[in-house]
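Engineer: Quick one: the structure is below, and I'll ask about it shortly.
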Amino acid sequence: MSTGLAPASETPPRIVYPGSADPNAPRPVTPTGIPHRGGPENPSAAAIRAQFPDAVRRVDVVWGETTVVVAGDKVLEIVRWLHDQPLHLYTYLSDVTAVEFRDPEEPIAVVWHLRSLAYRRFLRLKAEIPPGAPLEADSVWPVFKGADWLERECYDMFGIRFRGHPDLRRILMWEQYLEGFPLRKDFPLRGRFSRAEQLRQALAANPEARYSMEELSIADAFEDLPPSMRARLKGGEKTGE
Amino acid sequence: MSNTRTIDVALSTSGLDAQGRPVRVPLAVDDAGNPVTVAPPHALEPDLEGEHMLINIGPQHPATHGVLRLVLELDGETVVRCIPHIGYLHCGFEKIGEYRQYNQIIPWTDREDYLNSIGNNVAFALSAERLFGIEITPRCTVLRVIAAELSRIISHLVWLGTTCIDIGAFTPFLWAFQERENVYRLLENWVGARLTTSATRVGGMAADIPDGWMDQLRGFLGEFPRTLDEIDRMLTRNAIWVGRTVGLGAMSAEDAENYGLSGPMLRASGVAYDVRKDFPYLGYETYDFDVPVGTRGDVYDRFLVRMEELRQSVRILEQAVVRLPDGPVNIDDPRVILPAKSKAMNEMESMIHHFKQVMEGPRPPIGEAYAAVESPKGEKGYYMVSDGTAKPVRWRIRPPSFVNLSAIPKLVEGHLLSDVIAINASIDIVMGEIDR
């Protein structure tokens with residue numbers, strides 16, 4: 001795919017090829033005959049257990065995917081180790097999400113899906129938050145910048161606070177949303193507020209005031225603010241309404 | 001530079017000089033006819049140095065491809081900071097999915113990334129089948145490859161057309177949308193719907209292809225590369241196109257990987273990660289196709305990568321047409337596949353199966369599964385958790401454009417306001433998928 005546009009003096013670009021760390025590995029194929037439980041375990045799971053013996057709660061292999069259940073306050077350390085270790089190189093974060101079961105006795109699980117492109121491995125990390133415990137987990141943002149919005153969405157939908165996230169705000173719901181966290185099982189499908197209340201709130205909202213305080217603080221917009229709002233901004237309020 | 005201001009030929013001047021150039025007339029002359037120095041115009045305006053401006057693009061703006069809102073802080077015309085706002089289309093697909101049986105979720109997958117609806121159907125069915133432990137038939141596998149690649153063609157064509165419009169080219173938009181119409185006609189002849197296909201079922205497809213459909217597909221595959229060549233000739237070496245796209249929104253390979261980008265966005269930056277090659281599904285490892293990789297990671301490279309992917313999709317389709325085997329489309333398992341209507345009406349056993357499936361729905365064993373496919377936007381995954389009932393405990397969409405869009409503050413900072421439109425177009429976002 002030569003464009004003829006790049007000058008000849010340009011240094012050859014670096015292209016990252018998946019599977020490069022393990023050139024003798026067989027070519028990946030579509031998996032068949034996957035057992036429900038058991039089967040080959042991701043080699044990284046045993047390595048995590050050896051490196052962090054206190055943090056690993058258990059290792060499950062379900063439908064060919066390895067899940068390592070770890071302590072919630074060790075996630076960042078483990079993820080950083082997996083990211084940097086030349087034998088693992090989990091450099092790609094697919095997803096951050098959470099699972100709440102219908103049974104309220106079951107713990108809420110925060111789930112990280114990691115990929116090692118260099119070794120073509122897939123690993124699921126899980127941290128379980130028992131009922132009653134504060135909904136908190138480590139943010140992996142210091143390692144993966146891509147975790148920013150994924151963790152914000154997880155907070156928005158489940159109310160899980162990610163320690164160390166730089167800007168944990170609602171993302172899909174608006175910042176003034178009062179009904180709670182929609183994907184929690186105690187949140188009814190139709191929403192907490194009645195239709196009439198939702199309509200009343202929608203009509204009462206000032207559509208012009210949709211700038212967050214962060215935006216209002218930008219440069220000279222600050223000079224134009226009324227004194228009352230400037231005082232609120234100085235007091236550390238987050239939203240513009 | 002002289003402070004004398006001149007204008008090009010005006011209505012009352014003497015016209016062209018001996019070389020055919022317009023006569024430049026001094027704006028201000030004294031009584032003797034000599035030009036007078038006037039102050040440059042910007043000196044008359046108040047000093048704007050250091051003042052930043054807050055500007056709002058969207059949510060209702062045609063170049064934001066839906067209802068994306070970008071709040072930009074500008075220094076002159078340069079973007080200093082970009083704060084994206086999303087969620088205007090949020091309708092809680094994942095919440096609704098927890099109240100639906102698996103086959104009932106399939107219509108929702110049409111409506112998230114609506115340019116790739118049949119590809120989403122395939123992706124959903126694949127992850128549900130992993131959760132059920134089902135192996136689909138060989139014919140179904142090839143039909144799903146055809147569906148996924150057709151949908152990649154649709155999505156890339158829409159991307160191409162709308163990006164052309166954003167940047168100012170109109171003709172390729174018409175060509176792209178005409179070809180997209182041809183693909184939609186194929187889909188309509190197959191599943192009866194154009195946009196909201198709902199084509200797959202857990203364990204098979206809603207319908208086999210009708211008689212003569214393969215000939216229509218062959219006809220399309222014969223015509224389509226010619227259109228691609230025309231678009232290629234129109235854009236790839238076009239000075240305006242190159243000038244508007246090269247060097248914009250560049251991202252290095254390390255950054256792109258760290259930000260979790262996927263699909264053409266990631267490959268344009270030089271990471272050759274394609275789910276079809278590295279974590280294959282539907283037997284993609286048996287097809288002969290290339291993964292185009294860019295080097296600079298700018299808007300132009302993303303364009304080149306997508307153009308090449310269109311050609312590679314045609315290559316895959318040509319191989320799939322040849323190898324489509326005969327045989328059943330659906331697996332033979334009455335627990336997940338509805339019996340034929342004639343059997344359900346005449347045989348006791350089939351009627352019970354029919355009743356159980358419609359009233360209760362198929363039940364997967366307790367477990368969880370994450371299956372990702374290479375959608376036109378990138379790695380699209382469905383993560384499902386089952387507690388043994390007919391409805392998932394959790395149905396999670398891993399939206400590629402959501403993660404790709406999250407990098408936009410980094411992509412646009414330092415660029416001009418007009419380039420924000422081009423960079424935003426190059427991400428190929430579908431707000432239905434981002435907001436879900």
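Letters for chains follow the order of the structure tokens (A, B, ...), residue numbers begin at 1 for each chain, and ligand numbers begin at 1 in the order shown.
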Listing only residues of stretch 109-128 of chain A within 9 Å of stretch 64-68 of chain A, what is the closest atom pair and its distance in Å (to one decimal) for each, using only C-alpha atoms, sorted by chain and residue number ascending, as a tab-separated table?

Structural biologist:
residue	atom	partner	partner_atom	distance
A:Phe122	CA	A:Glu65	CA	7.3
A:Leu123	CA	A:Thr66	CA	5.8
A:Arg124	CA	A:Thr67	CA	4.6
A:Leu125	CA	A:Val68	CA	5.0
A:Lys126	CA	A:Val68	CA	6.1
A:Ala127	CA	A:Val68	CA	8.6

Engineer: Please produce a file of the residues just selected, as a PDB file, in the first residue's frame, where the atoms kept are N, CA, C and O atoms.

Structural biologist:
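The result, written out as again-v7.pdb:
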ATOM      1  N   PHE A 122      -5.925 -14.243  25.893  1.00  0.00           N
ATOM      2  CA  PHE A 122      -7.065 -13.497  26.407  1.00  0.00           C
ATOM      3  C   PHE A 122      -7.239 -13.869  27.865  1.00  0.00           C
ATOM      4  O   PHE A 122      -7.208 -15.047  28.207  1.00  0.00           O
ATOM      5  N   LEU A 123      -7.384 -12.868  28.713  1.00  0.00           N
ATOM      6  CA  LEU A 123      -7.475 -13.140  30.146  1.00  0.00           C
ATOM      7  C   LEU A 123      -8.571 -12.269  30.738  1.00  0.00           C
ATOM      8  O   LEU A 123      -8.710 -11.097  30.375  1.00  0.00           O
ATOM      9  N   ARG A 124      -9.345 -12.889  31.637  1.00  0.00           N
ATOM     10  CA  ARG A 124     -10.370 -12.118  32.331  1.00  0.00           C
ATOM     11  C   ARG A 124      -9.960 -11.998  33.795  1.00  0.00           C
ATOM     12  O   ARG A 124      -9.731 -13.005  34.462  1.00  0.00           O
ATOM     13  N   LEU A 125      -9.861 -10.764  34.259  1.00  0.00           N
ATOM     14  CA  LEU A 125      -9.588 -10.525  35.674  1.00  0.00           C
ATOM     15  C   LEU A 125     -10.897 -10.117  36.319  1.00  0.00           C
ATOM     16  O   LEU A 125     -11.697  -9.401  35.719  1.00  0.00           O
ATOM     17  N   LYS A 126     -11.076 -10.566  37.537  1.00  0.00           N
ATOM     18  CA  LYS A 126     -12.328 -10.265  38.212  1.00  0.00           C
ATOM     19  C   LYS A 126     -12.028  -9.892  39.652  1.00  0.00           C
ATOM     20  O   LYS A 126     -11.185 -10.538  40.291  1.00  0.00           O
ATOM     21  N   ALA A 127     -12.700  -8.868  40.149  1.00  0.00           N
ATOM     22  CA  ALA A 127     -12.605  -8.540  41.564  1.00  0.00           C
ATOM     23  C   ALA A 127     -14.022  -8.561  42.111  1.00  0.00           C
ATOM     24  O   ALA A 127     -14.913  -7.928  41.547  1.00  0.00           O
TER      25      ALA A 127
END

Engineer: Please check the contacts: residues of chain A at most 7 Å away from chain B, using only C-alpha atoms, listed as a ChimeraX atom specification.

Structural biologist: /A:13-18,28-30,36,62-63,91-95,99,101-102,120,144-146,149,171-173,183,219-220

Engineer: I need the residue nearest A:Gly39 from this list: A:Asp54, A:Thr97, A:Asp60, A:Gly19. Use only C-alpha atoms for the distance.

Structural biologist: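 When distances to A:Gly39 are compared using only C-alpha atoms, the smallest one comes from A:Asp60.
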
Engineer: Nearest residue to A:Val110 out of A:Ala25, A:Val56, A:Ala71, A:Leu203, using only C-alpha atoms?

Structural biologist: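 With only C-alpha atoms as the atom set, the closest residue is A:Ala71.
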
Engineer: Using atom CA of A:Gly235 and atom CA of A:Pro142 as the two end points, give the distance in Å to one decimal.

Structural biologist: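 Taking atom CA of A:Gly235 as the start and atom CA of A:Pro142 as the end point, the length is 27.7 Å.
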
Engineer: Any chance you could list, as a ChimeraX atom specification, the residues in stretch 139-265 of chain B that come up helix (DSSP H, G or I) when DSSP is run on the backbone?

Structural biologist: /B:139-167,171-191,213-235,239-245,253-258,264-265

Engineer: Create the file for the chosen residues now, containing C-alpha atoms and written as a PDB file, in the first residue's frame.

Structural biologist:
ATOM      1  CA  ARG B 139     -23.338 -23.894   5.805  1.00  0.00           C
ATOM      2  CA  CYS B 140     -24.325 -21.474   8.540  1.00  0.00           C
ATOM      3  CA  THR B 141     -20.662 -20.628   9.133  1.00  0.00           C
ATOM      4  CA  VAL B 142     -20.146 -19.582   5.528  1.00  0.00           C
ATOM      5  CA  LEU B 143     -23.462 -17.705   5.381  1.00  0.00           C
ATOM      6  CA  ARG B 144     -22.438 -15.731   8.448  1.00  0.00           C
ATOM      7  CA  VAL B 145     -19.097 -14.874   6.888  1.00  0.00           C
ATOM      8  CA  ILE B 146     -20.983 -13.561   3.860  1.00  0.00           C
ATOM      9  CA  ALA B 147     -23.293 -11.552   6.118  1.00  0.00           C
ATOM     10  CA  ALA B 148     -20.445 -10.088   8.144  1.00  0.00           C
ATOM     11  CA  GLU B 149     -18.425  -9.060   5.109  1.00  0.00           C
ATOM     12  CA  LEU B 150     -21.429  -7.542   3.322  1.00  0.00           C
ATOM     13  CA  SER B 151     -22.081  -5.522   6.411  1.00  0.00           C
ATOM     14  CA  ARG B 152     -18.457  -4.404   6.538  1.00  0.00           C
ATOM     15  CA  ILE B 153     -18.869  -3.156   2.976  1.00  0.00           C
ATOM     16  CA  ILE B 154     -22.010  -1.212   3.925  1.00  0.00           C
ATOM     17  CA  SER B 155     -20.386   0.362   6.943  1.00  0.00           C
ATOM     18  CA  HIS B 156     -17.193   1.364   5.172  1.00  0.00           C
ATOM     19  CA  LEU B 157     -19.163   2.808   2.260  1.00  0.00           C
ATOM     20  CA  VAL B 158     -21.245   4.953   4.584  1.00  0.00           C
ATOM     21  CA  TRP B 159     -18.072   6.034   6.320  1.00  0.00           C
ATOM     22  CA  LEU B 160     -16.502   6.897   2.985  1.00  0.00           C
ATOM     23  CA  GLY B 161     -19.499   8.835   1.748  1.00  0.00           C
ATOM     24  CA  THR B 162     -20.094  10.855   4.886  1.00  0.00           C
ATOM     25  CA  THR B 163     -16.407  11.627   5.308  1.00  0.00           C
ATOM     26  CA  CYS B 164     -16.285  12.894   1.727  1.00  0.00           C
ATOM     27  CA  ILE B 165     -19.224  15.166   2.484  1.00  0.00           C
ATOM     28  CA  ASP B 166     -17.569  16.403   5.668  1.00  0.00           C
ATOM     29  CA  ILE B 167     -14.378  17.256   3.853  1.00  0.00           C
ATOM     30  CA  THR B 171     -19.373  12.824  -5.991  1.00  0.00           C
ATOM     31  CA  PRO B 172     -17.834   9.839  -4.156  1.00  0.00           C
ATOM     32  CA  PHE B 173     -20.664  10.106  -1.665  1.00  0.00           C
ATOM     33  CA  LEU B 174     -23.180   9.378  -4.422  1.00  0.00           C
ATOM     34  CA  TRP B 175     -21.162   6.462  -5.775  1.00  0.00           C
ATOM     35  CA  ALA B 176     -20.690   4.981  -2.319  1.00  0.00           C
ATOM     36  CA  PHE B 177     -24.361   5.258  -1.428  1.00  0.00           C
ATOM     37  CA  GLN B 178     -25.397   3.739  -4.746  1.00  0.00           C
ATOM     38  CA  GLU B 179     -23.280   0.664  -4.053  1.00  0.00           C
ATOM     39  CA  ARG B 180     -24.585   0.536  -0.498  1.00  0.00           C
ATOM     40  CA  GLU B 181     -28.061   0.452  -1.961  1.00  0.00           C
ATOM     41  CA  ASN B 182     -27.048  -2.614  -3.985  1.00  0.00           C
ATOM     42  CA  VAL B 183     -25.895  -4.392  -0.821  1.00  0.00           C
ATOM     43  CA  TYR B 184     -29.116  -3.454   0.935  1.00  0.00           C
ATOM     44  CA  ARG B 185     -31.033  -4.944  -1.964  1.00  0.00           C
ATOM     45  CA  LEU B 186     -29.123  -8.191  -1.472  1.00  0.00           C
ATOM     46  CA  LEU B 187     -29.920  -8.192   2.235  1.00  0.00           C
ATOM     47  CA  GLU B 188     -33.559  -7.433   1.554  1.00  0.00           C
ATOM     48  CA  ASN B 189     -33.777 -10.390  -0.811  1.00  0.00           C
ATOM     49  CA  TRP B 190     -32.204 -12.604   1.811  1.00  0.00           C
ATOM     50  CA  VAL B 191     -33.798 -11.675   5.129  1.00  0.00           C
ATOM     51  CA  TRP B 213     -29.343 -15.137  -4.473  1.00  0.00           C
ATOM     52  CA  MET B 214     -25.783 -16.308  -5.057  1.00  0.00           C
ATOM     53  CA  ASP B 215     -25.980 -15.105  -8.657  1.00  0.00           C
ATOM     54  CA  GLN B 216     -27.062 -11.678  -7.439  1.00  0.00           C
ATOM     55  CA  LEU B 217     -24.126 -11.652  -5.035  1.00  0.00           C
ATOM     56  CA  ARG B 218     -21.755 -12.687  -7.837  1.00  0.00           C
ATOM     57  CA  GLY B 219     -23.122  -9.866  -9.952  1.00  0.00           C
ATOM     58  CA  PHE B 220     -22.472  -7.388  -7.160  1.00  0.00           C
ATOM     59  CA  LEU B 221     -18.942  -8.705  -6.622  1.00  0.00           C
ATOM     60  CA  GLY B 222     -18.277  -8.232 -10.326  1.00  0.00           C
ATOM     61  CA  GLU B 223     -19.472  -4.630 -10.373  1.00  0.00           C
ATOM     62  CA  PHE B 224     -18.319  -3.346  -7.024  1.00  0.00           C
ATOM     63  CA  PRO B 225     -14.510  -3.286  -7.524  1.00  0.00           C
ATOM     64  CA  ARG B 226     -15.040  -1.012 -10.527  1.00  0.00           C
ATOM     65  CA  THR B 227     -16.766   1.552  -8.308  1.00  0.00           C
ATOM     66  CA  LEU B 228     -13.984   1.184  -5.775  1.00  0.00           C
ATOM     67  CA  ASP B 229     -11.444   1.926  -8.483  1.00  0.00           C
ATOM     68  CA  GLU B 230     -13.367   5.042  -9.462  1.00  0.00           C
ATOM     69  CA  ILE B 231     -13.492   6.276  -5.880  1.00  0.00           C
ATOM     70  CA  ASP B 232      -9.814   5.446  -5.542  1.00  0.00           C
ATOM     71  CA  ARG B 233      -8.992   7.463  -8.658  1.00  0.00           C
ATOM     72  CA  MET B 234     -11.115  10.322  -7.395  1.00  0.00           C
ATOM     73  CA  LEU B 235      -9.596  10.593  -3.922  1.00  0.00           C
ATOM     74  CA  ALA B 239      -4.445  17.164  -3.948  1.00  0.00           C
ATOM     75  CA  ILE B 240      -7.365  18.588  -1.973  1.00  0.00           C
ATOM     76  CA  TRP B 241      -8.149  15.268  -0.311  1.00  0.00           C
ATOM     77  CA  VAL B 242      -4.505  14.655   0.550  1.00  0.00           C
ATOM     78  CA  GLY B 243      -4.109  18.201   1.814  1.00  0.00           C
ATOM     79  CA  ARG B 244      -7.150  17.900   4.049  1.00  0.00           C
ATOM     80  CA  THR B 245      -6.202  14.531   5.533  1.00  0.00           C
ATOM     81  CA  ALA B 253       1.259   2.625  17.592  1.00  0.00           C
ATOM     82  CA  GLU B 254       1.991   2.581  21.334  1.00  0.00           C
ATOM     83  CA  ASP B 255      -0.597   5.248  22.066  1.00  0.00           C
ATOM     84  CA  ALA B 256      -3.232   3.638  19.886  1.00  0.00           C
ATOM     85  CA  GLU B 257      -2.790   0.334  21.679  1.00  0.00           C
ATOM     86  CA  ASN B 258      -2.777   1.978  25.085  1.00  0.00           C
ATOM     87  CA  PRO B 264      -8.999   0.575  11.134  1.00  0.00           C
ATOM     88  CA  MET B 265      -8.105   3.229  13.737  1.00  0.00           C
TER      89      MET B 265
END

Engineer: Please return as a PyMOL selection string: the residues of stretch 68-290 of chain B that backbone DSSP assigns to strand (DSSP E or B).

Structural biologist: chain B and resi 69-75+78-85+200-201+204-205+271

Engineer: Could you save those same residues with all heavy atoms as a compact mmCIF listing (two decimals), in the first residue's frame?

Structural biologist:
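Saved as again-v2.txt:
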# COMPACT_ATOMS: atom_id res chain seq x y z
N ARG B 69 -21.58 15.76 21.16
CA ARG B 69 -21.34 17.17 21.46
C ARG B 69 -19.89 17.34 21.89
O ARG B 69 -19.42 16.64 22.78
CB ARG B 69 -22.27 17.62 22.58
CG ARG B 69 -22.03 19.03 23.02
CD ARG B 69 -23.09 19.48 24.00
NE ARG B 69 -22.62 20.63 24.72
CZ ARG B 69 -22.69 20.78 26.03
NH1 ARG B 69 -23.22 19.85 26.77
NH2 ARG B 69 -22.25 21.86 26.59
N LEU B 70 -19.21 18.24 21.22
CA LEU B 70 -17.82 18.52 21.56
C LEU B 70 -17.75 19.95 22.04
O LEU B 70 -18.16 20.86 21.34
CB LEU B 70 -16.92 18.37 20.33
CG LEU B 70 -16.83 16.98 19.69
CD1 LEU B 70 -16.05 17.05 18.40
CD2 LEU B 70 -16.17 16.02 20.64
N VAL B 71 -17.24 20.16 23.23
CA VAL B 71 -16.98 21.51 23.73
C VAL B 71 -15.49 21.77 23.52
O VAL B 71 -14.65 21.02 24.01
CB VAL B 71 -17.35 21.62 25.22
CG1 VAL B 71 -17.01 23.01 25.73
CG2 VAL B 71 -18.82 21.34 25.40
N LEU B 72 -15.19 22.80 22.73
CA LEU B 72 -13.81 23.06 22.36
C LEU B 72 -13.37 24.38 22.94
O LEU B 72 -14.10 25.36 22.91
CB LEU B 72 -13.67 23.12 20.84
CG LEU B 72 -14.09 21.88 20.06
CD1 LEU B 72 -14.11 22.19 18.59
CD2 LEU B 72 -13.14 20.75 20.32
N GLU B 73 -12.16 24.39 23.45
CA GLU B 73 -11.53 25.63 23.87
C GLU B 73 -10.55 26.00 22.77
O GLU B 73 -9.66 25.22 22.42
CB GLU B 73 -10.80 25.41 25.20
CG GLU B 73 -10.15 26.67 25.71
CD GLU B 73 -9.31 26.40 26.95
OE1 GLU B 73 -9.28 25.26 27.41
OE2 GLU B 73 -8.68 27.35 27.43
N LEU B 74 -10.75 27.19 22.19
CA LEU B 74 -9.95 27.58 21.04
C LEU B 74 -9.03 28.73 21.39
O LEU B 74 -9.41 29.66 22.09
CB LEU B 74 -10.86 28.05 19.90
CG LEU B 74 -11.80 27.03 19.29
CD1 LEU B 74 -12.60 27.68 18.19
CD2 LEU B 74 -11.04 25.86 18.76
N ASP B 75 -7.80 28.63 20.89
CA ASP B 75 -6.89 29.77 20.93
C ASP B 75 -6.76 30.21 19.48
O ASP B 75 -6.06 29.56 18.70
CB ASP B 75 -5.55 29.32 21.51
CG ASP B 75 -4.55 30.46 21.54
OD1 ASP B 75 -4.95 31.59 21.23
OD2 ASP B 75 -3.38 30.21 21.86
N THR B 78 -6.97 27.36 16.84
CA THR B 78 -6.34 26.12 17.28
C THR B 78 -7.06 25.57 18.50
O THR B 78 -7.39 26.31 19.42
CB THR B 78 -4.87 26.40 17.65
OG1 THR B 78 -4.29 27.13 16.58
CG2 THR B 78 -4.13 25.11 17.85
N VAL B 79 -7.29 24.27 18.47
CA VAL B 79 -7.97 23.63 19.59
C VAL B 79 -6.98 23.44 20.73
O VAL B 79 -5.93 22.83 20.55
CB VAL B 79 -8.56 22.28 19.16
CG1 VAL B 79 -9.22 21.59 20.34
CG2 VAL B 79 -9.54 22.47 18.05
N VAL B 80 -7.32 23.98 21.89
CA VAL B 80 -6.47 23.80 23.06
C VAL B 80 -6.96 22.62 23.88
O VAL B 80 -6.20 21.83 24.42
CB VAL B 80 -6.47 25.07 23.92
CG1 VAL B 80 -5.59 24.88 25.13
CG2 VAL B 80 -6.01 26.24 23.11
N ARG B 81 -8.27 22.49 23.98
CA ARG B 81 -8.84 21.43 24.79
C ARG B 81 -10.15 20.99 24.16
O ARG B 81 -10.85 21.79 23.56
CB ARG B 81 -9.09 21.95 26.20
CG ARG B 81 -9.50 20.88 27.15
CD ARG B 81 -9.08 21.15 28.57
NE ARG B 81 -9.33 22.50 29.05
CZ ARG B 81 -9.81 22.75 30.27
NH1 ARG B 81 -10.11 21.79 31.06
NH2 ARG B 81 -9.97 23.99 30.67
N CYS B 82 -10.45 19.75 24.30
CA CYS B 82 -11.70 19.22 23.75
C CYS B 82 -12.36 18.37 24.82
O CYS B 82 -11.72 17.49 25.41
CB CYS B 82 -11.39 18.38 22.51
SG CYS B 82 -12.75 17.38 21.98
N ILE B 83 -13.61 18.66 25.11
CA ILE B 83 -14.35 17.88 26.11
C ILE B 83 -15.56 17.28 25.41
O ILE B 83 -16.49 17.99 25.07
CB ILE B 83 -14.80 18.77 27.29
CG1 ILE B 83 -13.59 19.45 27.92
CG2 ILE B 83 -15.53 17.95 28.32
CD1 ILE B 83 -13.95 20.46 28.95
N PRO B 84 -15.56 15.98 25.14
CA PRO B 84 -16.71 15.37 24.47
C PRO B 84 -17.83 15.03 25.46
O PRO B 84 -17.57 14.72 26.62
CB PRO B 84 -16.13 14.10 23.84
CG PRO B 84 -14.80 13.90 24.44
CD PRO B 84 -14.48 15.03 25.36
N HIS B 85 -19.04 15.14 24.97
CA HIS B 85 -20.21 14.74 25.76
C HIS B 85 -20.99 13.73 24.94
O HIS B 85 -21.31 14.00 23.79
CB HIS B 85 -21.12 15.93 26.04
CG HIS B 85 -20.52 16.91 27.00
ND1 HIS B 85 -20.90 16.98 28.30
CD2 HIS B 85 -19.55 17.82 26.84
CE1 HIS B 85 -20.20 17.92 28.91
NE2 HIS B 85 -19.38 18.44 28.04
N THR B 200 -29.88 -13.52 12.42
CA THR B 200 -29.40 -14.77 13.02
C THR B 200 -30.32 -15.22 14.14
O THR B 200 -31.12 -14.46 14.66
CB THR B 200 -27.98 -14.58 13.60
OG1 THR B 200 -28.03 -13.54 14.57
CG2 THR B 200 -26.99 -14.23 12.53
N ARG B 201 -30.16 -16.49 14.49
CA ARG B 201 -30.79 -17.05 15.68
C ARG B 201 -29.70 -17.82 16.42
O ARG B 201 -28.70 -18.22 15.82
CB ARG B 201 -31.92 -18.02 15.30
CG ARG B 201 -33.09 -17.37 14.60
CD ARG B 201 -33.89 -16.50 15.53
NE ARG B 201 -35.01 -15.89 14.81
CZ ARG B 201 -34.97 -14.71 14.22
NH1 ARG B 201 -33.86 -14.00 14.24
NH2 ARG B 201 -36.01 -14.22 13.61
N GLY B 204 -28.27 -20.85 14.47
CA GLY B 204 -28.49 -20.85 13.03
C GLY B 204 -28.84 -19.48 12.51
O GLY B 204 -28.43 -18.46 13.06
N MET B 205 -29.61 -19.48 11.42
CA MET B 205 -30.03 -18.23 10.80
C MET B 205 -31.55 -18.20 10.76
O MET B 205 -32.21 -19.24 10.79
CB MET B 205 -29.50 -18.11 9.36
CG MET B 205 -28.01 -18.18 9.22
SD MET B 205 -27.14 -16.78 9.92
CE MET B 205 -27.39 -15.53 8.70
N VAL B 271 -0.53 -1.07 14.15
CA VAL B 271 -0.67 -2.30 14.93
C VAL B 271 -1.54 -3.24 14.12
O VAL B 271 -2.70 -2.94 13.84
CB VAL B 271 -1.31 -2.03 16.31
CG1 VAL B 271 -1.40 -3.32 17.10
CG2 VAL B 271 -0.53 -0.99 17.06

Engineer: Would you pick out the contacts of A:Trp141 at 9 Å or less, using only C-alpha atoms, so that residues sharing its chain but fewer than 4 positions from it are not included, and give the list as JSON, numbers by chain?

Structural biologist: {"A": [76, 145, 146, 147, 148, 151, 164, 165, 166]}

Engineer: Mind pulling up the distance from atom CA of A:Ala118 to atom CA of A:Ser20?

Structural biologist: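 One can read the atom CA of A:Ser20 to atom CA of A:Ala118 distance as 5.3 Å.
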
Engineer: Do a neighbour search on B:Ile316 at 7 Å with only C-alpha atoms, toss out local chain neighbours closer than 4 positions, and write the hits as a list in words.

Structural biologist: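 Here the answer would be Tyr287, Phe289, Gln312 and Ala320 of chain B.
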
Engineer: Could you save those same residues with all heavy atoms as a PDB file, in the first residue's frame?

Structural biologist:
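Saved the output as again-v6.pdb:
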ATOM      1  N   TYR B 287      -9.634 -18.470   5.214  1.00  0.00           N
ATOM      2  CA  TYR B 287      -9.792 -17.579   4.067  1.00  0.00           C
ATOM      3  C   TYR B 287      -8.470 -16.879   3.811  1.00  0.00           C
ATOM      4  O   TYR B 287      -7.711 -16.590   4.743  1.00  0.00           O
ATOM      5  CB  TYR B 287     -10.882 -16.531   4.323  1.00  0.00           C
ATOM      6  CG  TYR B 287     -12.262 -17.108   4.398  1.00  0.00           C
ATOM      7  CD1 TYR B 287     -12.747 -17.623   5.598  1.00  0.00           C
ATOM      8  CD2 TYR B 287     -13.079 -17.151   3.280  1.00  0.00           C
ATOM      9  CE1 TYR B 287     -14.002 -18.169   5.684  1.00  0.00           C
ATOM     10  CE2 TYR B 287     -14.343 -17.697   3.348  1.00  0.00           C
ATOM     11  CZ  TYR B 287     -14.800 -18.205   4.556  1.00  0.00           C
ATOM     12  OH  TYR B 287     -16.044 -18.744   4.625  1.00  0.00           O
ATOM     13  N   PHE B 289      -6.829 -13.659   2.991  1.00  0.00           N
ATOM     14  CA  PHE B 289      -7.020 -12.211   2.878  1.00  0.00           C
ATOM     15  C   PHE B 289      -5.924 -11.497   3.646  1.00  0.00           C
ATOM     16  O   PHE B 289      -5.271 -12.085   4.502  1.00  0.00           O
ATOM     17  CB  PHE B 289      -8.407 -11.788   3.399  1.00  0.00           C
ATOM     18  CG  PHE B 289      -8.608 -11.961   4.867  1.00  0.00           C
ATOM     19  CD1 PHE B 289      -8.521 -10.873   5.733  1.00  0.00           C
ATOM     20  CD2 PHE B 289      -8.886 -13.196   5.410  1.00  0.00           C
ATOM     21  CE1 PHE B 289      -8.702 -11.032   7.095  1.00  0.00           C
ATOM     22  CE2 PHE B 289      -9.058 -13.358   6.770  1.00  0.00           C
ATOM     23  CZ  PHE B 289      -8.974 -12.273   7.613  1.00  0.00           C
ATOM     24  N   GLN B 312     -10.465  -6.274   0.410  1.00  0.00           N
ATOM     25  CA  GLN B 312     -10.259  -7.575   1.050  1.00  0.00           C
ATOM     26  C   GLN B 312     -11.597  -8.247   1.360  1.00  0.00           C
ATOM     27  O   GLN B 312     -11.704  -9.468   1.293  1.00  0.00           O
ATOM     28  CB  GLN B 312      -9.436  -7.420   2.327  1.00  0.00           C
ATOM     29  CG  GLN B 312      -8.036  -6.892   2.103  1.00  0.00           C
ATOM     30  CD  GLN B 312      -7.220  -7.775   1.195  1.00  0.00           C
ATOM     31  OE1 GLN B 312      -7.392  -8.985   1.161  1.00  0.00           O
ATOM     32  NE2 GLN B 312      -6.332  -7.169   0.428  1.00  0.00           N
ATOM     33  N   ALA B 320     -15.974 -17.196  -0.271  1.00  0.00           N
ATOM     34  CA  ALA B 320     -17.133 -17.768   0.418  1.00  0.00           C
ATOM     35  C   ALA B 320     -18.175 -18.247  -0.589  1.00  0.00           C
ATOM     36  O   ALA B 320     -18.816 -19.280  -0.392  1.00  0.00           O
ATOM     37  CB  ALA B 320     -17.737 -16.735   1.366  1.00  0.00           C
TER      38      ALA B 320
END
